[in-house]
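run_12.cif (mmCIF, C-alpha atoms and all ligand atoms) appears below.
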data_input
loop_
_atom_site.label_atom_id
_atom_site.label_comp_id
_atom_site.auth_asym_id
_atom_site.auth_seq_id
_atom_site.Cartn_x
_atom_site.Cartn_y
_atom_site.Cartn_z
CA MET A 1 -194.49 93.39 24.88
CA GLY A 2 -193.57 90.79 22.35
CA LEU A 3 -192.22 87.39 23.17
CA PRO A 4 -188.63 86.35 22.43
CA ILE A 5 -188.24 84.83 18.96
CA VAL A 6 -186.51 81.48 18.56
CA LYS A 7 -183.69 81.81 16.06
CA GLY A 8 -181.25 79.61 14.20
CA VAL A 9 -181.43 77.19 11.26
CA ASP A 10 -180.48 74.26 13.50
CA ASP A 11 -182.80 75.04 16.40
CA LYS A 12 -184.55 71.90 17.57
CA ILE A 13 -187.97 73.48 18.08
CA LEU A 14 -187.89 75.14 14.66
CA ARG A 15 -187.01 71.79 13.12
CA THR A 16 -189.77 69.78 14.84
CA VAL A 17 -193.08 68.93 13.15
CA SER A 18 -195.68 70.65 15.33
CA LYS A 19 -198.69 68.89 16.82
CA ALA A 20 -202.33 69.68 16.04
CA VAL A 21 -204.29 71.67 18.61
CA LYS A 22 -206.92 69.39 20.15
CA LYS A 23 -208.67 71.92 22.29
CA ILE A 24 -208.72 75.70 21.97
CA ASP A 25 -208.30 76.53 25.64
CA LYS A 26 -207.88 79.79 27.56
CA ASP A 27 -204.11 79.59 27.39
CA LEU A 28 -204.16 79.48 23.61
CA VAL A 29 -206.69 82.31 23.37
CA LYS A 30 -204.42 84.39 25.61
CA LEU A 31 -201.35 83.46 23.61
CA LEU A 32 -202.71 84.65 20.25
CA PRO A 33 -202.59 88.43 20.92
CA LYS A 34 -199.07 87.96 22.28
CA MET A 35 -198.09 86.32 19.03
CA VAL A 36 -199.64 89.23 17.12
CA ASP A 37 -197.70 91.74 19.27
CA THR A 38 -194.52 89.77 18.67
CA MET A 39 -195.14 89.80 14.91
CA HIS A 40 -195.70 93.57 14.91
CA GLU A 41 -192.73 94.29 17.13
CA ALA A 42 -190.46 92.28 14.84
CA ASN A 43 -191.85 93.93 11.66
CA GLY A 44 -193.04 90.55 10.43
CA VAL A 45 -195.92 89.61 8.14
CA GLY A 46 -196.48 86.30 9.90
CA LEU A 47 -195.40 84.35 12.97
CA ALA A 48 -195.71 80.65 13.70
CA ALA A 49 -195.91 79.10 17.18
CA PRO A 50 -192.53 77.27 16.91
CA GLN A 51 -190.94 80.70 16.53
CA ILE A 52 -191.96 81.47 20.10
CA GLY A 53 -190.94 78.04 21.30
CA LEU A 54 -194.20 76.09 20.99
CA ASN A 55 -194.61 73.09 18.71
CA ILE A 56 -198.33 73.52 18.09
CA ARG A 57 -200.05 74.04 14.72
CA VAL A 58 -200.85 77.73 15.09
CA PHE A 59 -199.77 80.85 13.28
CA VAL A 60 -200.78 84.48 12.96
CA MET A 61 -200.48 86.45 9.75
CA LYS A 62 -201.25 89.72 8.07
CA ILE A 63 -203.78 89.50 5.27
CA PHE A 64 -203.12 92.29 2.82
CA GLY A 65 -205.97 93.96 1.01
CA PRO A 66 -206.46 93.73 -2.73
CA SER A 67 -203.68 95.51 -4.52
CA ARG A 68 -204.10 97.90 -7.39
CA GLY A 69 -201.95 96.56 -10.16
CA LYS A 70 -198.74 95.09 -8.85
CA LYS A 71 -198.30 97.37 -5.88
CA ILE A 72 -199.18 96.02 -2.46
CA ASP A 73 -200.37 98.50 0.12
CA TYR A 74 -198.46 97.35 3.18
CA ASP A 75 -200.50 99.61 5.43
CA ASN A 76 -203.75 97.94 4.41
CA TYR A 77 -204.07 94.63 6.22
CA SER A 78 -206.02 92.67 8.77
CA VAL A 79 -204.60 90.13 11.20
CA GLN A 80 -205.80 86.53 11.28
CA GLU A 81 -204.96 83.65 13.58
CA MET A 82 -204.96 80.18 12.04
CA ILE A 83 -205.27 77.11 14.22
CA ASN A 84 -204.63 73.71 12.61
CA PRO A 85 -204.25 75.25 9.14
CA GLU A 86 -204.37 72.92 6.18
CA ILE A 87 -203.59 73.92 2.63
CA ILE A 88 -206.21 71.99 0.71
CA GLU A 89 -205.70 73.25 -2.81
CA MET A 90 -202.80 74.88 -4.61
CA ASP A 91 -202.42 76.39 -8.03
CA LYS A 92 -199.73 74.78 -10.17
CA ARG A 93 -198.41 78.18 -11.13
CA MET A 94 -195.42 79.28 -9.07
CA ILE A 95 -194.18 82.77 -8.24
CA ASN A 96 -190.56 83.46 -7.39
CA GLU A 97 -190.03 86.25 -4.89
CA GLU A 98 -187.63 87.26 -2.22
CA GLU A 99 -188.35 86.13 1.32
CA GLY A 100 -186.89 86.39 4.76
CA CYS A 101 -187.69 84.93 8.17
CA LEU A 102 -187.69 86.40 11.67
CA SER A 103 -186.02 83.21 12.92
CA VAL A 104 -183.16 83.57 10.44
CA PRO A 105 -182.45 87.29 10.61
CA GLY A 106 -180.41 88.93 7.90
CA VAL A 107 -180.84 86.20 5.29
CA PHE A 108 -182.94 86.85 2.20
CA GLY A 109 -183.43 84.85 -0.93
CA GLU A 110 -185.79 83.96 -3.72
CA VAL A 111 -188.29 81.21 -2.98
CA ASP A 112 -190.80 79.62 -5.36
CA ARG A 113 -194.32 79.60 -3.94
CA HIS A 114 -197.66 78.56 -5.38
CA ALA A 115 -199.52 81.57 -6.77
CA ARG A 116 -202.91 80.68 -5.26
CA LEU A 117 -204.21 78.37 -2.59
CA LYS A 118 -207.09 77.49 -0.35
CA VAL A 119 -206.44 77.12 3.37
CA ARG A 120 -208.80 75.62 5.91
CA PHE A 121 -208.26 76.45 9.58
CA GLN A 122 -209.98 77.11 12.87
CA ASN A 123 -210.18 80.55 14.38
CA LYS A 124 -209.94 81.21 18.12
CA LYS A 125 -213.68 80.60 18.50
CA GLY A 126 -213.26 77.13 17.07
CA MET A 127 -215.04 77.94 13.83
CA THR A 128 -213.70 76.21 10.75
CA LEU A 129 -213.04 78.69 7.96
CA LEU A 130 -211.86 78.38 4.39
CA PHE A 131 -209.91 81.24 2.82
CA GLU A 132 -208.61 81.61 -0.67
CA PHE A 133 -205.42 83.60 -1.19
CA GLU A 134 -203.11 84.67 -3.94
CA GLY A 135 -199.77 86.43 -4.23
CA LEU A 136 -198.22 87.66 -1.00
CA ASN A 137 -201.01 86.32 1.22
CA ALA A 138 -200.62 82.86 -0.33
CA ARG A 139 -196.86 83.15 0.14
CA ILE A 140 -197.26 83.94 3.84
CA VAL A 141 -199.55 80.92 4.36
CA GLN A 142 -197.00 78.63 2.68
CA HIS A 143 -194.10 80.10 4.67
CA GLU A 144 -195.92 79.76 8.00
CA THR A 145 -197.26 76.28 7.21
CA ASP A 146 -193.68 75.24 6.46
CA HIS A 147 -192.74 76.41 9.97
CA LEU A 148 -195.31 73.99 11.41
CA ASN A 149 -193.57 71.20 9.49
CA GLY A 150 -190.06 72.10 10.62
CA ILE A 151 -189.16 73.69 7.29
CA LEU A 152 -187.49 77.09 6.96
CA CYS A 153 -187.56 79.31 3.88
CA VAL A 154 -183.75 79.23 3.77
CA ASP A 155 -184.08 75.51 2.86
CA LYS A 156 -185.88 76.55 -0.31
CA MET A 157 -183.75 79.52 -1.32
CA LYS A 158 -181.83 79.19 -4.53
CA ARG A 159 -179.47 81.99 -3.69
CA LYS A 160 -179.03 83.66 -0.33
CA ASP A 161 -178.26 87.30 0.30
CA THR A 162 -177.61 89.20 3.45
CA GLU A 163 -179.34 92.31 2.10
CA PRO A 164 -182.90 92.46 0.81
CA GLN A 165 -182.59 93.06 -2.94
CA SER A 166 -186.14 93.44 -4.06
CA PRO A 167 -187.68 96.89 -3.80
CA ARG A 168 -190.90 95.27 -2.57
CA LEU A 169 -189.23 93.70 0.42
CA LYS A 170 -187.32 96.88 1.12
CA LYS A 171 -190.54 98.86 0.89
CA ARG A 172 -192.21 96.41 3.28
CA GLU A 173 -189.45 96.88 5.81
CA GLU A 174 -189.58 100.65 5.46
CA VAL A 175 -193.33 100.74 6.00
CA ALA A 176 -193.05 98.38 8.96
CA GLU A 177 -190.43 100.60 10.51
CA LYS A 178 -192.55 103.68 9.95
CA THR A 179 -195.61 101.99 11.48
CA LEU A 180 -193.59 100.89 14.46
CA LYS A 181 -192.24 104.40 15.01
CA ALA A 182 -195.73 105.83 14.77
CA ARG A 183 -196.93 103.40 17.44
CA LYS A 184 -194.26 104.41 19.92
CO CO B 1 -190.45 82.47 9.09
#

Would you kindly transcribe this structure into structure tokens?
Ligand code: CO
Amino acid sequence: MGLPIVKGVDDKILRTVSKAVKKIDKDLVKLLPKMVDTMHEANGVGLAAPQIGLNIRVFVMKIFGPSRGKKIDYDNYSVQEMINPEIIEMDKRMINEEEGCLSVPGVFGEVDRHARLKVRFQNKKGMTLLFEFEGLNARIVQHETDHLNGILCVDKMKRKDTEPQSPRLKKREEVAEKTLKARK
């Protein structure tokens, strides 16, 4: 069972800058799979700790496999937890794409994100890892890192819609729904 998701653009927890994790203890290790379940249950591609009411620098995300051409295979992903993530390098090039957030349901809009980045983080074993991402994966890292700094994607949207316009986002939601149905 997933955890309840904190919602609302003015929510105090969502608007607080989260604190670094000093020690990866049992409670955190137990929390991570619950965050993953919550992400799956809500059809999300990422989930940050403030979204479940905790102001700690932790998020979980889906890492999508390499895409052939422009199409992303939304069924092909792995799940990664990131503790104390730090974006240490970003490409200057920006990509504008539609985004939404589980904490602000029903609102979609185009957000500029850096096309590529490097992120350093700790995994649940306390190992420091460095990943390089582009496209959607880089977008997810930026969106979730924003959550840890009290920033929501709606702050960065140029134009807001209540319906997802882009076929990619629609496709993502369709696949997520299908996957969820298959699980039940
Ligand atoms: Co979000």

Between A:Asp25, A:Glu144, A:Ala42, A:Leu54, which residue has the minimum interatomic distance to ligand CO 1 (chain B), considering only C-alpha atoms and all ligand atoms?
A:Glu144

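Taking atom CA of A:Lys92 and atom CA of A:Asn123 as endpoints, the distance between them is 27.3 Å.
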
At a cut-off of 9 Å and counting all atoms listed in the file, what residues surround ligand CO 1 (chain B)? Please answer as number ranges by chain.
A: 44, 46-48, 51, 99-104, 140, 143-144, 146-147, 152-153

Using all atoms listed in the file: which of A:Lys125, A:Arg15, A:Lys118, A:Lys158 has the shortest distance to A:Leu32:
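Looking only at the distances to A:Leu32, the closest residue turns out to be A:Lys125.
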
So what do you get for atom CA of A:Val58 versus atom CA of A:Gln80, distance-wise?
10.8 Å

If you count all atoms listed in the file, which residues fall within 6 Å of A:Asp161, apart from same-chain ones fewer than 3 positions away, as a list in words?
Val107, Phe108 and Gly109 of chain A
